[in-house]
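Please read the structure below before turning to the comments.
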Amino acid sequence: MICVVDSGSGNLRSLCNGLRAVGLAPRVVLEPPAKAPEVLVLPGVGAFGHAAAALEARGWGEAIPAYLEAGSTLVGICLGMQLLFESSEESPGARGLGLLPGTVRRLDASLSKVPHIGWERLRFKPGKERPLPWAYFVHSYVVVPADPRVVEVWARHGGREFPAAVRSGKVAGVQFHPEKSQGPGLAYLAALMGGAS
């Protein structure tokens, strides 16, 4: 079972349509289901603090670690990836899920336009597959992991690299929008899910 979290801050229709296009069957959930899903997808756009508060109010802060303990895979998309970390400059005092050590910082507007919108070439960690040469981004903030080894893919903003995808065990995240990155983007997302259906 693939559950897509409705935190009130994401375009769930386009994401779910994209997942169905690659043969997956997502189910949108507002609150944590009683049974741990095979895969939990955490999408999102908007403000870090608002989304973090909505997740906590609906019990996701407690449910997600329990699901991971039960063997679920968690995939964060865009803001959802940022919420995997501990905090964000966007919302001082707000707490992320804290599943990955690190914070979220605003892109440097002196390097290039912010928000960063459009297609960017990806650079994969050596030894990793490269099924997705380009991806589509819409964001103003980027993650800064405490452990750089969790970064699997990088992209550039104004000539400076930032993490485009992270992974640690059953926790993964992508800063780009797979559903807007055409077939290869959705195929990459499906691969992160580990063959769920």
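Following the order of the structure tokens, first chain is A, next is B, and so on, with residues numbered from 1 inside each chain and ligands from 1 in the order they appear.
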
Excluding region 32-49 of chain A and residues on its chain fewer than 2 positions from it, collect all residues at most 8 Å away from it, counting only C-alpha atoms, and give them as a count of residues only. 44

Would you please extract all alpha helix (DSSP H) residues from chain A, as assigned by DSSP on the backbone, and give them as a PyMOL selection string? chain A and resi 12-21+48-57+60-69+79-82+182-192

Region 54-152 of chain A near region 171-185 of chain A within 12 Å: what's each residue's closest atom pair and its distance in Å to one decimal, counting only C-alpha atoms, ordered by chain then ascending residue number, as a Markdown table?
```
| residue | atom | partner | partner_atom | distance |
| --- | --- | --- | --- | --- |
| A:Ile64 | CA | A:Val171 | CA | 10.4 |
| A:Pro65 | CA | A:Val171 | CA | 10.3 |
| A:Tyr67 | CA | A:Val171 | CA | 11.1 |
| A:Leu68 | CA | A:Val171 | CA | 8.2 |
| A:Glu69 | CA | A:Val171 | CA | 11.3 |
| A:Gly71 | CA | A:Val171 | CA | 10.6 |
| A:Ser72 | CA | A:Val171 | CA | 8.9 |
| A:Thr73 | CA | A:Val171 | CA | 6.2 |
| A:Leu74 | CA | A:Val171 | CA | 5.0 |
| A:Val75 | CA | A:Ala172 | CA | 4.8 |
| A:Gly76 | CA | A:Gly173 | CA | 4.4 |
| A:Ile77 | CA | A:Val174 | CA | 5.1 |
| A:Cys78 | CA | A:Gln175 | CA | 4.2 |
| A:Leu79 | CA | A:Gln175 | CA | 7.4 |
| A:Gly80 | CA | A:Gly173 | CA | 7.4 |
| A:Met81 | CA | A:Gly173 | CA | 4.6 |
| A:Gln82 | CA | A:Gln175 | CA | 7.9 |
| A:Leu83 | CA | A:Gly173 | CA | 9.5 |
| A:Leu84 | CA | A:Gly173 | CA | 7.8 |
| A:Phe85 | CA | A:Gly173 | CA | 10.2 |
| A:Leu97 | CA | A:Val171 | CA | 11.4 |
| A:Gly98 | CA | A:Val171 | CA | 11.3 |
| A:Leu99 | CA | A:Val171 | CA | 7.8 |
| A:Leu100 | CA | A:Val171 | CA | 8.3 |
| A:Val104 | CA | A:Gln175 | CA | 11.5 |
| A:His116 | CA | A:Phe176 | CA | 10.5 |
| A:Ile117 | CA | A:Phe176 | CA | 9.8 |
| A:Gly118 | CA | A:Phe176 | CA | 9.6 |
| A:Trp119 | CA | A:Ser181 | CA | 8.3 |
| A:Glu120 | CA | A:Phe176 | CA | 9.3 |
| A:Arg121 | CA | A:Phe176 | CA | 11.1 |
| A:Leu122 | CA | A:Phe176 | CA | 10.2 |
| A:Arg130 | CA | A:Pro184 | CA | 10.1 |
| A:Pro131 | CA | A:Pro184 | CA | 6.6 |
| A:Leu132 | CA | A:Pro184 | CA | 5.6 |
| A:Pro133 | CA | A:Pro184 | CA | 8.5 |
| A:Trp134 | CA | A:Ser181 | CA | 7.5 |
| A:Ala135 | CA | A:Ser181 | CA | 5.1 |
| A:Tyr136 | CA | A:Ser181 | CA | 5.3 |
| A:Phe137 | CA | A:Phe176 | CA | 4.6 |
| A:Val138 | CA | A:Phe176 | CA | 7.0 |
| A:His139 | CA | A:Gln175 | CA | 7.9 |
| A:Ser140 | CA | A:Gln175 | CA | 10.4 |
| A:Tyr141 | CA | A:Gln175 | CA | 9.2 |
| A:Val142 | CA | A:Gln175 | CA | 7.6 |
| A:Val143 | CA | A:Gln175 | CA | 8.5 |
| A:Val144 | CA | A:Gln175 | CA | 11.9 |
| A:Pro145 | CA | A:Gly173 | CA | 11.8 |
| A:Val150 | CA | A:Ala172 | CA | 9.0 |
| A:Val151 | CA | A:Gly173 | CA | 9.5 |
| A:Glu152 | CA | A:Ala172 | CA | 9.7 |
```

In Å, with one decimal, what is the gap from CA of Leu192 (chain A) to CA of Ala146 (chain A)? 21.7 Å

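Taking only C-alpha atoms into account, Val166 (chain A) lies nearest to A:Gly102 out of the set A:Gly23, A:Gly93, A:Gly61, A:Gly102.
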